[in-house]
Each structure stands twice: as structure tokens, then as C-alpha cells.
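Student: The following file, target.tsv, comprises TSV, C-alpha atoms (C1' of nucleotides):
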```tsv
chain	number	residue	atom	x	y	z
A	18	MET	CA	10.78	-4.69	5.33
A	19	SER	CA	9.59	-6.00	2.01
A	20	LEU	CA	11.41	-3.56	-0.23
A	21	LYS	CA	14.69	-5.06	0.98
A	22	HIS	CA	13.38	-8.51	0.21
A	23	SER	CA	12.09	-7.55	-3.21
A	24	LEU	CA	15.55	-6.25	-4.00
A	25	LEU	CA	17.11	-9.46	-2.74
A	26	VAL	CA	14.84	-11.52	-4.98
A	27	LEU	CA	15.60	-9.37	-8.02
A	28	LEU	CA	19.34	-9.33	-7.33
A	29	ALA	CA	19.42	-13.07	-6.74
A	30	ASP	CA	18.43	-13.46	-10.40
A	31	ASN	CA	20.86	-10.87	-11.76
A	32	PRO	CA	23.31	-8.46	-10.21
A	33	ALA	CA	22.10	-4.99	-11.08
A	34	THR	CA	22.41	-1.27	-10.42
A	35	GLY	CA	19.99	0.87	-8.47
A	36	TYR	CA	18.86	2.31	-11.74
A	37	ASP	CA	18.14	-1.13	-13.22
A	38	LEU	CA	16.13	-2.10	-10.17
A	39	SER	CA	14.10	1.09	-10.31
A	40	GLN	CA	13.32	0.34	-13.94
A	41	GLN	CA	12.08	-3.11	-13.01
A	42	PHE	CA	9.64	-1.50	-10.60
A	43	LYS	CA	8.28	0.45	-13.55
A	44	GLY	CA	7.73	-2.79	-15.48
A	45	SER	CA	5.98	-6.00	-14.60
A	46	VAL	CA	7.46	-6.24	-11.11
A	47	GLY	CA	5.75	-2.93	-10.41
A	48	PHE	CA	2.46	-4.73	-10.42
A	49	PHE	CA	3.16	-6.14	-6.97
A	50	TRP	CA	5.89	-3.90	-5.58
A	51	ASN	CA	7.46	-0.56	-6.32
A	52	ALA	CA	9.58	2.20	-4.92
A	53	SER	CA	11.06	5.49	-6.02
A	54	HIS	CA	14.69	5.55	-7.15
A	55	GLN	CA	15.62	7.54	-4.05
A	56	GLN	CA	14.19	4.86	-1.82
A	57	VAL	CA	15.97	2.13	-3.79
A	58	TYR	CA	19.37	3.81	-3.45
A	59	LYS	CA	18.78	4.32	0.26
A	60	GLU	CA	17.92	0.67	0.81
A	61	LEU	CA	20.84	-0.58	-1.29
A	62	LYS	CA	23.18	1.47	0.88
A	63	GLN	CA	21.68	0.06	4.08
A	64	MET	CA	21.75	-3.48	2.75
A	65	THR	CA	25.38	-3.14	1.75
A	66	GLU	CA	26.23	-1.81	5.23
A	67	ALA	CA	24.39	-4.78	6.70
A	68	GLY	CA	26.54	-7.11	4.60
A	69	TRP	CA	23.67	-8.42	2.50
A	70	LEU	CA	25.03	-7.03	-0.75
A	71	ALA	CA	28.41	-6.63	-2.38
A	72	CYS	CA	28.99	-3.59	-4.54
A	73	ASP	CA	31.22	-3.62	-7.59
A	74	THR	CA	31.88	-0.13	-8.93
A	75	GLN	CA	32.46	0.22	-12.65
A	76	ALA	CA	34.12	3.50	-13.50
A	77	GLN	CA	32.60	5.36	-16.44
A	78	THR	CA	34.17	8.44	-17.88
A	79	GLU	CA	31.18	10.43	-19.02
A	80	ARG	CA	28.49	9.32	-16.58
A	81	PRO	CA	28.33	8.62	-12.87
A	82	ASP	CA	30.04	5.33	-12.06
A	83	LYS	CA	27.83	2.29	-12.21
A	84	LYS	CA	27.46	0.41	-8.95
A	85	ILE	CA	26.60	-3.17	-9.57
A	86	TYR	CA	25.14	-4.91	-6.56
A	87	SER	CA	25.02	-8.63	-5.95
A	88	VAL	CA	23.75	-10.77	-3.08
A	89	THR	CA	26.29	-12.06	-0.55
A	90	GLN	CA	25.98	-15.24	1.48
A	91	ALA	CA	24.60	-13.20	4.37
A	92	GLY	CA	22.07	-11.72	1.93
A	93	GLN	CA	21.08	-15.21	0.80
A	94	ALA	CA	20.59	-16.18	4.43
A	95	ALA	CA	18.47	-13.09	5.09
A	96	LEU	CA	16.36	-13.91	2.07
A	97	GLN	CA	15.89	-17.50	3.23
A	98	ALA	CA	14.91	-16.32	6.71
A	99	TRP	CA	12.32	-13.99	5.25
A	100	LEU	CA	10.96	-16.59	2.85
A	101	SER	CA	10.50	-19.09	5.65
A	102	GLN	CA	8.07	-16.82	7.51
A	103	ALA	CA	4.53	-16.37	6.22
A	104	ALA	CA	3.88	-13.01	4.56
A	105	LYS	CA	1.18	-10.89	6.12
A	106	PRO	CA	-1.95	-10.65	4.06
A	107	HIS	CA	-1.78	-7.78	1.65
A	108	LYS	CA	-3.67	-4.59	2.45
A	109	TYR	CA	-5.34	-2.75	-0.33
A	110	LYS	CA	-5.27	1.06	-0.22
A	111	ASP	CA	-6.90	3.08	-2.93
A	112	ALA	CA	-7.59	6.77	-2.54
A	113	PHE	CA	-10.00	6.86	-5.45
A	114	LEU	CA	-12.30	4.45	-3.64
A	115	ILE	CA	-12.43	6.79	-0.67
A	116	LYS	CA	-13.61	9.46	-3.06
A	117	LEU	CA	-16.22	7.19	-4.52
A	118	TYR	CA	-17.35	6.14	-1.03
A	119	GLY	CA	-17.74	9.78	-0.11
A	120	GLY	CA	-18.93	10.67	-3.60
A	121	ARG	CA	-21.96	12.59	-2.36
A	122	HIS	CA	-19.59	15.46	-1.56
A	123	ILE	CA	-18.60	15.89	-5.22
A	124	PRO	CA	-20.69	16.69	-8.29
A	125	ARG	CA	-21.47	13.56	-10.30
A	126	PRO	CA	-19.80	14.73	-13.50
A	127	ALA	CA	-16.56	15.38	-11.63
A	128	LEU	CA	-16.71	11.88	-10.18
A	129	VAL	CA	-17.32	10.35	-13.61
A	130	LYS	CA	-14.51	12.41	-15.11
A	131	GLU	CA	-12.08	11.12	-12.54
A	132	LEU	CA	-13.31	7.58	-13.04
A	133	ASP	CA	-12.59	7.97	-16.75
A	134	GLU	CA	-9.06	9.07	-16.01
A	135	HIS	CA	-8.53	5.99	-13.89
A	136	ILE	CA	-10.03	3.81	-16.60
A	137	ALA	CA	-7.54	5.23	-19.10
A	138	HIS	CA	-4.70	4.55	-16.71
A	139	HIS	CA	-5.76	0.97	-16.03
A	140	LYS	CA	-6.15	0.30	-19.75
A	141	LYS	CA	-2.60	1.45	-20.31
A	142	THR	CA	-1.38	-0.82	-17.52
A	143	LEU	CA	-3.31	-3.75	-18.95
A	144	HIS	CA	-1.78	-3.21	-22.39
A	145	LYS	CA	1.69	-3.11	-20.90
A	146	LEU	CA	1.07	-6.36	-19.06
A	147	LEU	CA	-0.37	-8.02	-22.16
A	148	GLU	CA	2.71	-7.03	-24.11
A	149	ILE	CA	4.90	-8.65	-21.50
A	150	GLU	CA	2.70	-11.72	-21.71
A	151	SER	CA	3.12	-12.00	-25.47
A	152	GLU	CA	6.89	-11.71	-25.05
A	153	TYR	CA	6.64	-14.60	-22.63
A	154	HIS	CA	4.60	-16.67	-25.10
A	155	ALA	CA	7.26	-16.08	-27.75
A	156	LEU	CA	9.90	-17.76	-25.60
A	157	SER	CA	11.07	-21.33	-26.08
A	158	HIS	CA	9.58	-23.97	-23.81
A	159	SER	CA	12.67	-24.20	-21.67
A	160	GLN	CA	12.74	-20.44	-21.25
A	161	GLN	CA	9.05	-20.43	-20.37
A	162	LYS	CA	9.74	-22.99	-17.70
A	163	LYS	CA	12.39	-20.71	-16.26
A	164	PHE	CA	9.94	-17.83	-15.97
A	165	GLU	CA	7.04	-19.97	-14.81
A	166	LEU	CA	6.68	-18.30	-11.42
A	167	PRO	CA	7.05	-14.69	-12.54
A	168	TYR	CA	4.48	-15.53	-15.20
A	169	LEU	CA	2.01	-16.59	-12.53
A	170	THR	CA	2.32	-13.18	-10.91
A	171	LEU	CA	1.84	-11.57	-14.31
A	172	LYS	CA	-1.38	-13.50	-14.79
A	173	LEU	CA	-2.76	-12.12	-11.55
A	174	GLY	CA	-1.84	-8.64	-12.74
A	175	ILE	CA	-3.69	-9.13	-15.97
A	176	SER	CA	-6.84	-10.60	-14.47
A	177	ASN	CA	-6.82	-7.93	-11.79
A	178	GLU	CA	-6.74	-5.16	-14.36
A	179	ARG	CA	-9.48	-6.81	-16.39
A	180	ASN	CA	-11.60	-7.22	-13.31
A	181	TRP	CA	-11.07	-3.61	-12.33
A	182	LEU	CA	-12.01	-2.39	-15.81
A	183	ASP	CA	-15.19	-4.49	-15.86
A	184	TRP	CA	-16.18	-3.07	-12.51
A	185	ALA	CA	-15.37	0.46	-13.64
A	186	GLN	CA	-17.59	0.07	-16.68
A	187	GLU	CA	-20.53	-1.04	-14.56
A	188	THR	CA	-19.82	1.69	-12.06
A	189	ARG	CA	-19.75	4.29	-14.78
A	190	GLU	CA	-23.19	3.20	-15.92
A	191	ALA	CA	-24.49	3.22	-12.36
A	192	LEU	CA	-23.20	6.74	-11.83
A	193	ASN	CA	-24.85	8.02	-14.98
A	194	ALA	CA	-28.16	6.32	-14.27
B	29	MET	CA	-2.35	12.36	3.11
B	30	SER	CA	-5.20	10.01	2.41
B	31	LEU	CA	-5.73	8.72	5.91
B	32	LYS	CA	-6.77	12.23	6.94
B	33	HIS	CA	-9.18	12.35	4.04
B	34	SER	CA	-10.61	8.93	4.73
B	35	LEU	CA	-11.32	10.09	8.25
B	36	LEU	CA	-12.97	13.26	6.96
B	37	VAL	CA	-15.22	11.23	4.67
B	38	LEU	CA	-16.20	8.87	7.47
B	39	LEU	CA	-16.76	11.69	9.98
B	40	ALA	CA	-18.78	13.71	7.47
B	41	ASP	CA	-21.34	10.89	7.59
B	42	ASN	CA	-21.34	10.49	11.36
B	43	PRO	CA	-19.38	12.04	14.19
B	44	ALA	CA	-17.42	9.23	15.80
B	45	THR	CA	-14.65	8.29	18.21
B	46	GLY	CA	-11.19	7.07	17.26
B	47	TYR	CA	-12.26	3.66	18.34
B	48	ASP	CA	-15.32	3.69	16.08
B	49	LEU	CA	-13.21	4.77	13.13
B	50	SER	CA	-10.68	2.03	13.77
B	51	GLN	CA	-13.52	-0.47	13.79
B	52	GLN	CA	-14.72	0.79	10.44
B	53	PHE	CA	-11.29	0.07	9.03
B	54	LYS	CA	-11.73	-3.50	10.15
B	55	GLY	CA	-15.04	-3.72	8.29
B	56	SER	CA	-15.97	-2.94	4.70
B	57	VAL	CA	-14.07	0.35	4.58
B	58	GLY	CA	-10.97	-1.71	5.29
B	59	PHE	CA	-11.18	-3.06	1.79
B	60	PHE	CA	-9.86	0.21	0.40
B	61	TRP	CA	-8.21	1.90	3.35
B	62	ASN	CA	-7.01	1.01	6.79
B	63	ALA	CA	-4.84	2.11	9.66
B	64	SER	CA	-3.93	0.97	13.14
B	65	HIS	CA	-5.71	2.55	16.08
B	66	GLN	CA	-2.49	4.30	17.10
B	67	GLN	CA	-2.24	5.93	13.72
B	68	VAL	CA	-5.89	6.96	13.83
B	69	TYR	CA	-5.54	8.65	17.22
B	70	LYS	CA	-2.41	10.43	16.05
B	71	GLU	CA	-4.14	11.76	12.95
B	72	LEU	CA	-7.25	12.84	14.84
B	73	LYS	CA	-5.05	14.84	17.17
B	74	GLN	CA	-3.26	16.55	14.27
B	75	MET	CA	-6.51	17.22	12.46
B	76	THR	CA	-8.02	18.77	15.56
B	77	GLU	CA	-4.95	20.98	15.99
B	78	ALA	CA	-5.28	22.00	12.36
B	79	GLY	CA	-8.90	23.01	13.02
B	80	TRP	CA	-10.41	20.37	10.75
B	81	LEU	CA	-12.21	18.58	13.57
B	82	ALA	CA	-14.07	19.54	16.72
B	83	CYS	CA	-13.83	17.25	19.69
B	84	ASP	CA	-16.65	16.73	22.15
B	85	THR	CA	-15.56	14.83	25.25
B	86	GLN	CA	-18.14	12.63	26.95
B	87	ALA	CA	-17.13	11.72	30.47
B	88	GLN	CA	-17.61	8.09	31.39
B	89	THR	CA	-17.15	6.81	34.91
B	90	GLU	CA	-15.86	3.33	34.34
B	91	ARG	CA	-14.04	3.72	31.05
B	92	PRO	CA	-11.79	6.29	29.45
B	93	ASP	CA	-13.76	9.31	28.34
B	94	LYS	CA	-15.19	9.11	24.86
B	95	LYS	CA	-13.94	11.73	22.45
B	96	ILE	CA	-16.46	12.31	19.72
B	97	TYR	CA	-15.01	14.04	16.69
B	98	SER	CA	-16.93	15.94	14.07
B	99	VAL	CA	-15.92	17.86	10.95
B	100	THR	CA	-15.66	21.66	11.20
B	101	GLN	CA	-16.18	24.09	8.35
B	102	ALA	CA	-12.42	24.20	7.84
B	103	GLY	CA	-12.49	20.41	7.69
B	104	GLN	CA	-15.25	20.52	5.07
B	105	ALA	CA	-13.16	22.93	3.05
B	106	ALA	CA	-10.10	20.67	3.32
B	107	LEU	CA	-12.19	17.73	2.18
B	108	GLN	CA	-13.51	19.69	-0.78
B	109	ALA	CA	-10.02	20.78	-1.74
B	110	TRP	CA	-8.81	17.20	-1.68
B	111	LEU	CA	-11.81	15.88	-3.61
B	112	SER	CA	-11.28	18.43	-6.35
B	113	GLN	CA	-7.82	17.11	-7.19
B	114	ALA	CA	-7.42	13.82	-9.03
B	115	ALA	CA	-6.25	10.94	-6.86
B	116	LYS	CA	-3.01	9.29	-7.88
B	117	PRO	CA	-3.44	5.86	-9.34
B	118	HIS	CA	-3.34	3.23	-6.70
B	119	LYS	CA	-0.19	1.16	-6.25
B	120	TYR	CA	-0.51	-2.46	-5.44
B	121	LYS	CA	1.99	-3.94	-2.99
B	122	ASP	CA	1.82	-7.58	-2.06
B	123	ALA	CA	4.66	-9.33	-0.29
B	124	PHE	CA	3.32	-12.78	-1.10
B	125	LEU	CA	3.72	-12.08	-4.80
B	126	ILE	CA	7.37	-11.25	-4.27
B	127	LYS	CA	7.73	-14.67	-2.71
B	128	LEU	CA	5.98	-16.33	-5.60
B	129	TYR	CA	8.09	-14.39	-8.09
B	130	GLY	CA	11.21	-15.58	-6.30
B	131	GLY	CA	9.66	-18.95	-5.56
B	132	ARG	CA	12.63	-20.93	-6.86
B	133	HIS	CA	14.35	-20.10	-3.56
B	134	ILE	CA	11.75	-21.99	-1.53
B	135	PRO	CA	10.67	-25.64	-1.59
B	136	ARG	CA	7.46	-26.08	-3.56
B	137	PRO	CA	5.45	-27.56	-0.68
B	138	ALA	CA	6.29	-24.55	1.48
B	139	LEU	CA	5.10	-22.25	-1.28
B	140	VAL	CA	1.86	-24.19	-1.70
B	141	LYS	CA	1.32	-24.20	2.05
B	142	GLU	CA	1.61	-20.46	2.21
B	143	LEU	CA	-0.66	-20.07	-0.79
B	144	ASP	CA	-3.24	-22.15	1.07
B	145	GLU	CA	-3.03	-19.86	4.06
B	146	HIS	CA	-3.64	-16.87	1.85
B	147	ILE	CA	-6.54	-18.65	0.18
B	148	ALA	CA	-8.13	-19.26	3.59
B	149	HIS	CA	-7.68	-15.60	4.48
B	150	HIS	CA	-9.19	-14.34	1.23
B	151	LYS	CA	-12.14	-16.70	1.61
B	152	LYS	CA	-12.81	-15.25	5.04
B	153	THR	CA	-12.65	-11.73	3.66
B	154	LEU	CA	-14.99	-12.64	0.81
B	155	HIS	CA	-17.52	-14.08	3.26
B	156	LYS	CA	-17.39	-10.94	5.35
B	157	LEU	CA	-18.00	-8.79	2.30
B	158	LEU	CA	-20.86	-11.00	1.12
B	159	GLU	CA	-22.48	-10.69	4.52
B	160	ILE	CA	-22.31	-6.93	4.27
B	161	GLU	CA	-23.79	-7.19	0.80
B	162	SER	CA	-26.77	-9.20	2.00
B	163	GLU	CA	-27.35	-6.64	4.75
B	164	TYR	CA	-27.43	-4.03	2.02
B	165	HIS	CA	-29.92	-6.04	-0.03
B	166	ALA	CA	-32.18	-6.29	3.00
B	167	LEU	CA	-32.50	-2.50	3.18
B	168	SER	CA	-35.45	-0.54	1.85
B	169	HIS	CA	-35.09	1.07	-1.56
B	170	SER	CA	-34.63	4.53	-0.12
B	171	GLN	CA	-31.93	3.25	2.23
B	172	GLN	CA	-30.25	1.45	-0.64
B	173	LYS	CA	-30.17	4.68	-2.58
B	174	LYS	CA	-28.45	6.34	0.34
B	175	PHE	CA	-25.70	3.72	0.37
B	176	GLU	CA	-25.42	3.51	-3.40
B	177	LEU	CA	-21.83	4.75	-3.58
B	178	PRO	CA	-20.44	2.75	-0.68
B	179	TYR	CA	-22.13	-0.25	-2.26
B	180	LEU	CA	-20.19	0.31	-5.48
B	181	THR	CA	-16.95	0.10	-3.54
B	182	LEU	CA	-18.19	-3.07	-1.87
B	183	LYS	CA	-18.85	-4.62	-5.27
B	184	LEU	CA	-15.26	-4.03	-6.29
B	185	GLY	CA	-14.13	-5.65	-3.07
B	186	ILE	CA	-16.23	-8.71	-3.77
B	187	SER	CA	-15.19	-9.15	-7.39
B	188	ASN	CA	-11.58	-8.54	-6.44
B	189	GLU	CA	-11.66	-11.31	-3.86
B	190	ARG	CA	-13.37	-13.68	-6.28
B	191	ASN	CA	-10.84	-12.90	-8.95
B	192	TRP	CA	-7.98	-13.45	-6.53
B	193	LEU	CA	-9.41	-16.79	-5.42
B	194	ASP	CA	-9.88	-17.99	-9.01
B	195	TRP	CA	-6.29	-17.06	-9.79
B	196	ALA	CA	-5.09	-18.76	-6.61
B	197	GLN	CA	-6.85	-21.97	-7.55
B	198	GLU	CA	-5.22	-22.04	-10.98
B	199	THR	CA	-1.88	-21.13	-9.46
B	200	ARG	CA	-2.18	-23.93	-6.95
B	201	GLU	CA	-2.70	-26.41	-9.75
B	202	ALA	CA	0.21	-24.99	-11.73
B	203	LEU	CA	2.48	-25.31	-8.69
B	204	ASN	CA	1.53	-28.92	-8.12
B	205	ALA	CA	1.87	-29.89	-11.78
C	19	DT	C1'	16.73	22.83	-29.41
C	20	DC	C1'	14.41	20.34	-26.28
C	21	DC	C1'	13.13	16.01	-24.16
C	22	DA	C1'	13.96	11.29	-22.65
C	23	DA	C1'	17.14	8.02	-20.95
C	24	DC	C1'	21.16	7.19	-18.27
C	25	DA	C1'	23.07	7.31	-13.35
C	26	DT	C1'	23.60	8.79	-8.85
C	27	DG	C1'	22.41	10.76	-4.67
C	28	DT	C1'	21.13	14.34	-0.12
C	29	DA	C1'	17.90	16.61	3.08
C	30	DA	C1'	13.64	17.61	5.00
C	31	DC	C1'	9.42	16.03	5.88
C	32	DA	C1'	5.35	12.78	6.27
C	33	DT	C1'	3.51	8.53	7.27
C	34	DG	C1'	3.17	4.01	9.30
C	35	DT	C1'	4.61	0.11	12.55
C	36	DT	C1'	5.76	-2.10	16.94
C	37	DA	C1'	6.18	-2.34	21.62
C	38	DC	C1'	4.47	-0.72	25.75
C	39	DA	C1'	0.80	1.10	29.01
C	40	DT	C1'	-3.85	1.15	31.58
C	41	DG	C1'	-8.05	-0.75	33.26
C	42	DA	C1'	-13.20	-2.06	33.53
C	43	DT	C1'	-16.96	-5.27	31.57
C	44	DT	C1'	-18.98	-9.21	29.53
C	45	DC	C1'	-19.31	-13.71	27.87
C	46	DA	C1'	-17.84	-18.59	27.67
D	7	DT	C1'	-10.33	-17.69	34.95
D	8	DG	C1'	-9.19	-16.19	30.72
D	9	DA	C1'	-10.17	-13.85	26.39
D	10	DA	C1'	-12.58	-10.31	23.79
D	11	DT	C1'	-14.51	-5.72	23.68
D	12	DC	C1'	-14.45	-1.06	25.01
D	13	DA	C1'	-11.40	3.20	25.02
D	14	DT	C1'	-7.39	5.84	25.04
D	15	DG	C1'	-2.82	6.87	24.18
D	16	DT	C1'	3.09	7.44	24.21
D	17	DA	C1'	7.72	6.50	22.42
D	18	DA	C1'	10.98	4.55	19.46
D	19	DC	C1'	11.78	3.10	15.20
D	20	DA	C1'	11.11	2.12	10.13
D	21	DT	C1'	9.61	3.37	5.82
D	22	DG	C1'	8.23	6.36	2.09
D	23	DT	C1'	7.65	11.00	-0.33
D	24	DT	C1'	9.05	15.45	-2.22
D	25	DA	C1'	12.10	18.81	-3.42
D	26	DC	C1'	16.57	19.67	-4.79
D	27	DA	C1'	21.13	18.62	-7.17
D	28	DT	C1'	24.31	17.24	-11.25
D	29	DG	C1'	25.67	16.26	-15.89
D	30	DT	C1'	26.08	13.42	-20.56
D	31	DT	C1'	24.23	11.21	-24.78
D	32	DG	C1'	21.05	10.35	-28.46
D	33	DG	C1'	16.97	10.99	-30.95
D	34	DA	C1'	12.77	13.96	-32.87
```
Could you write out this structure as C-alpha cells?

Tutor:
Amino acid sequence: MSLKHSLLVLLADNPATGYDLSQQFKGSVGFFWNASHQQVYKELKQMTEAGWLACDTQAQTERPDKKIYSVTQAGQAALQAWLSQAAKPHKYKDAFLIKLYGGRHIPRPALVKELDEHIAHHKKTLHKLLEIESEYHALSHSQQKKFELPYLTLKLGISNERNWLDWAQETREALNA
Amino acid sequence: MSLKHSLLVLLADNPATGYDLSQQFKGSVGFFWNASHQQVYKELKQMTEAGWLACDTQAQTERPDKKIYSVTQAGQAALQAWLSQAAKPHKYKDAFLIKLYGGRHIPRPALVKELDEHIAHHKKTLHKLLEIESEYHALSHSQQKKFELPYLTLKLGISNERNWLDWAQETREALNA
DNA sequence: TCCAACATGTAACATGTTACATGATTCA
DNA sequence: TGAATCATGTAACATGTTACATGTTGGA
């Protein structure tokens, strides 16, 4: 159920379109949740039918109409209900680690090559997160206060990526030894 | 598709029952993949129908018969095919971080309380992983060599948990400030 | 002239979760 | 006497992925 609740949290800050929300999942929010645009549109439809969201359609001549969603009182209540229950501990799933675990079935160089690809990807992610962090640091104190909690999640993202990269470096050496 | 491939990797090491495999997901393997027992039995059935697994039924008088699965040649081929393609980068999903991100909707003490619960859970996980690590260290050199790759995944699990706990401690202080 | 960004979806399929179901053994 | 472990599943439901579908604008 958490996609619905992620959307509620995002929409509680700012009414937005399905497209906007999908973009947020590609940015910093994507560090802890994400979904394809198809899935987002599907959920928004369901949530609107359930009365959690109101939809304001803005006609556009040259592009598909924009549908701006905002949280209703029922949506607020649903969010509160969800927030008041403890979240289940997060479960990590990483296909690359299965490969590494069963690495004896693949030639070493192939394993190292794939590790390198993942390293490149994680470096890119880290840079993106660090950019977002420097934008945060450039804000005024009052603005920083406003984004205090999102910033805490960003910090986990950053240290997670750093930790992963450190491990990957060691692992790379171990594989080549 | 990765549950099927996790099962192939595990079964390539040792033929096992659905129950055994489910138990492995509760142990160290659970750090990077997991599934409910229902899901495991479902997949084993499908994989057997697809010819990837052979099933040897051991009759037991007092308990349900044990079904011991092993990888067939077709299963080996499927595993190889999967291993030869790059895995997609892992996507992190953590409902607690959504809550933290949208933490302004909850009273601070409630947020801290839930953080504490997660801290307790992560500490437990870390201890479990450290226990497995000390079992590994107690092995002979030749045995250690055999479990070299699984050990690398374990090391990521351990540093990940430590990193999470460090972040959680800082976050706890920031929330109480 | 082609690619990325904007903006929305449907349909088919794959995967995962929750509730229910059975029943013996062993340890506290 | 009650809970945990062993051992297997079915059925209903929820969620997520992949392929397909449409069409404009603005920049390299």
C-alpha cells in the first residue's frame, strides 16, 4: 500500500500531476520509493475513486490536459491512519548480490565487469544526491528548517551510496586477488 | 524474475526443500533477497513445470512428504542465461523513510518512537549477521575460500546495517533538538 | 532531423501478499 | 498446555512490469 501513501505525502506538500509525481520519483524521493508512470496514473485513478484525491483538470490546447490532484479530507484521514501504524521493516532486494553470491557460476572477469557497471551507476546516483544537498545548503535558514525532514532522508541516501561504493571497491580488489 | 534465479543459485549449491529455501531467506541470504514460503512453493512448482528443477519426493510417515528439488540441465542453462545479462540496478524502497519525509504530519514523539523501533530491529539484524560472520571466521582456510563470495555479500550486509544505525543515531538527535 | 521533455493512458502479464488450511513433534 | 518447528499448500486479492499508443514543442 505504500505507493498510495507516498503519493499522499507528496501531494500534501503540493498539488501535482501524475507526470510531476513520476518526476519526483526520478529525483531525491526515488532514493526511498519509486514507481513507473503507468503505476502512478493507475494509483491516482484508484485514489480519486476512493475519494482520497480531488482532480482539477486544466485544459491545454496543444498537449493532453493536465490533471492536477490534491488531497481531500478523506485523503488526509487515510494518511493519518497510515502514519499512526508502524511501518514494517524494509526488505532489501538486490539481484546483483544474488549473482555475486552465486559468482562461482560466472567467469571472474564477467563478474568484475558487471561490478564496474554498478559502481558507475552508484557514482552517478551519489553525484545527483550531492547536488541536491548543495542546493539545500544554499537555502536560507528558514527554508532549511522547512526541508529538515526530507534532508534527513537525503543524508541516508548519501551515506548509503558512499558505503556501497566503499564496499564495492574492497570487493573489486578481493575479486581480482 | 529474480526469485526464480535466487532459488536456482541456492539449489545449485545444495538440493533442498521449499521449507529449507524459505529458512535460508530468513538467514543471511535474506539480506539481499527474500520471499514468503507460499511464494517459494509457487515458484518451485512453476520451475519444475518449466523443466528447470527435478523433484525427488521422500515419503515421511508422520509429516508431509519432503520434496527435494535439484537443478536440471535446463535449469543450469536458464541460470547461465540470466547470469550473462547485467542485473538492473537495485531500487531501494523503504516505507519508514516516506514517513520521515512527511514527518510534519505526525507528532515528533511518535516519529521518534517509531525510529526507536526500527533501531531495535536493525540492531537485531546486525547481531545476526555478526554471528554468521564469526561462524565464517571459525572455518578452516579452505572452507573460507569456498564461501568467499557469499562472505562478500555478508560484509555488505554488515556495513549497511552499521551505516543505517549511525544515521539513525544522528537522526534521533536531530529530531529531539 | 532527431532526440528529450511534456502529458496521458490501456492491456496483458508477472509477481507478491494475506488469509486460510492441516497436523505431528519437541521443548519450556 | 501452549508455542515453536517441521512441512506442505490453495485461493483471493494487491501490486508492479512491459509492451503498446498518441502527439506537440524546443533544443542540438

Student: Could you please give me, as a list in words, the residues of protein, DNA or RNA lying at most 12 Å from (14.8, 1.7, -12.5) in the coordinate frame of the file, considering all atoms listed in the file?

Tutor: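 Within the cut-off we find Leu24, Leu27, Ala33, Thr34, Gly35, Tyr36, Asp37, Leu38, Ser39, Gln40, Gln41, Phe42, Lys43, Gly44, Ser45, Val46, Gly47, Asn51, Ala52, Ser53, His54, Gln55, Gln56, Val57 and Tyr58 of chain A; DA23, DC24, DA25 and DT26 of chain C.
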
Student: So that I can check the surroundings of stretch 18-32 of chain D, please list as a PyMOL selection string every protein, DNA and RNA residue that reaches within 12 Å of it, counting only C-alpha atoms (C1' of nucleotides) and ignoring chain neighbours fewer than 4 positions away.

Tutor: (chain A and resi 18-21+51-57+59-60+77-81) or (chain B and resi 29) or (chain C and resi 21-38)

Student: Could you save those same residues with C-alpha atoms (C1' of nucleotides) as a short mmCIF file (atom, residue, chain, number, x, y, z; two decimals), in the frame of the given file?

Tutor:
```
data_model
loop_
_atom_site.label_atom_id
_atom_site.label_comp_id
_atom_site.auth_asym_id
_atom_site.auth_seq_id
_atom_site.Cartn_x
_atom_site.Cartn_y
_atom_site.Cartn_z
CA MET A 18 10.78 -4.69 5.33
CA SER A 19 9.59 -6.00 2.01
CA LEU A 20 11.41 -3.56 -0.23
CA LYS A 21 14.69 -5.06 0.98
CA ASN A 51 7.46 -0.56 -6.32
CA ALA A 52 9.58 2.20 -4.92
CA SER A 53 11.06 5.49 -6.02
CA HIS A 54 14.69 5.55 -7.15
CA GLN A 55 15.62 7.54 -4.05
CA GLN A 56 14.19 4.86 -1.82
CA VAL A 57 15.97 2.13 -3.79
CA LYS A 59 18.78 4.32 0.26
CA GLU A 60 17.92 0.67 0.81
CA GLN A 77 32.60 5.36 -16.44
CA THR A 78 34.17 8.44 -17.88
CA GLU A 79 31.18 10.43 -19.02
CA ARG A 80 28.49 9.32 -16.58
CA PRO A 81 28.33 8.62 -12.87
CA MET B 29 -2.35 12.36 3.11
"C1'" DC C 21 13.13 16.01 -24.16
"C1'" DA C 22 13.96 11.29 -22.65
"C1'" DA C 23 17.14 8.02 -20.95
"C1'" DC C 24 21.16 7.19 -18.27
"C1'" DA C 25 23.07 7.31 -13.35
"C1'" DT C 26 23.60 8.79 -8.85
"C1'" DG C 27 22.41 10.76 -4.67
"C1'" DT C 28 21.13 14.34 -0.12
"C1'" DA C 29 17.90 16.61 3.08
"C1'" DA C 30 13.64 17.61 5.00
"C1'" DC C 31 9.42 16.03 5.88
"C1'" DA C 32 5.35 12.78 6.27
"C1'" DT C 33 3.51 8.53 7.27
"C1'" DG C 34 3.17 4.01 9.30
"C1'" DT C 35 4.61 0.11 12.55
"C1'" DT C 36 5.76 -2.10 16.94
"C1'" DA C 37 6.18 -2.34 21.62
"C1'" DC C 38 4.47 -0.72 25.75
#
```

Student: Give me, please, the distance in Å between atom CA of A:Val88 and atom CA of B:Gly131, quoted to one decimal.

Tutor: 16.5 Å

Student: For chain A, list the residues within 6 Å of chain B, counting only C-alpha atoms, and write the list as a list of chain:residue names.

Tutor: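 Residues satisfying the distance criterion: A:Val26, A:Phe49, A:Trp50, A:Ala104, A:His107, A:Tyr109, A:Lys110, A:Asp111, A:Phe113, A:Tyr118, A:Gly119, A:Leu166, A:Pro167.
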
Student: Write the residues you've just listed into a file as a PDB file, in the frame of the given file, and include C-alpha atoms for each of them.

Tutor:
```pdb
ATOM      1  CA  VAL A  26      14.840 -11.520  -4.980  1.00  0.00           C
ATOM      2  CA  PHE A  49       3.160  -6.140  -6.970  1.00  0.00           C
ATOM      3  CA  TRP A  50       5.890  -3.900  -5.580  1.00  0.00           C
ATOM      4  CA  ALA A 104       3.880 -13.010   4.560  1.00  0.00           C
ATOM      5  CA  HIS A 107      -1.780  -7.780   1.650  1.00  0.00           C
ATOM      6  CA  TYR A 109      -5.340  -2.750  -0.330  1.00  0.00           C
ATOM      7  CA  LYS A 110      -5.270   1.060  -0.220  1.00  0.00           C
ATOM      8  CA  ASP A 111      -6.900   3.080  -2.930  1.00  0.00           C
ATOM      9  CA  PHE A 113     -10.000   6.860  -5.450  1.00  0.00           C
ATOM     10  CA  TYR A 118     -17.350   6.140  -1.030  1.00  0.00           C
ATOM     11  CA  GLY A 119     -17.740   9.780  -0.110  1.00  0.00           C
ATOM     12  CA  LEU A 166       6.680 -18.300 -11.420  1.00  0.00           C
ATOM     13  CA  PRO A 167       7.050 -14.690 -12.540  1.00  0.00           C
TER      14      PRO A 167
END
```

Student: Extract, using only C-alpha atoms (C1' of nucleotides), all DNA, RNA and protein residues at most 12 Å from D:DA10, discarding same-chain residues fewer than 4 positions from it, and format them as a list in words.

Tutor: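 The residues that qualify are DT43, DT44, DC45 and DA46 of chain C.
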
Student: Please compute the atom CA of B:Gln74-atom CA of B:Ala105 distance, one decimal, in Å.

Tutor: 16.3 Å

Student: What is the atom C1' of D:DT14-atom CA of B:Met75 distance in Å, reported with one decimal?

Tutor: 17.0 Å
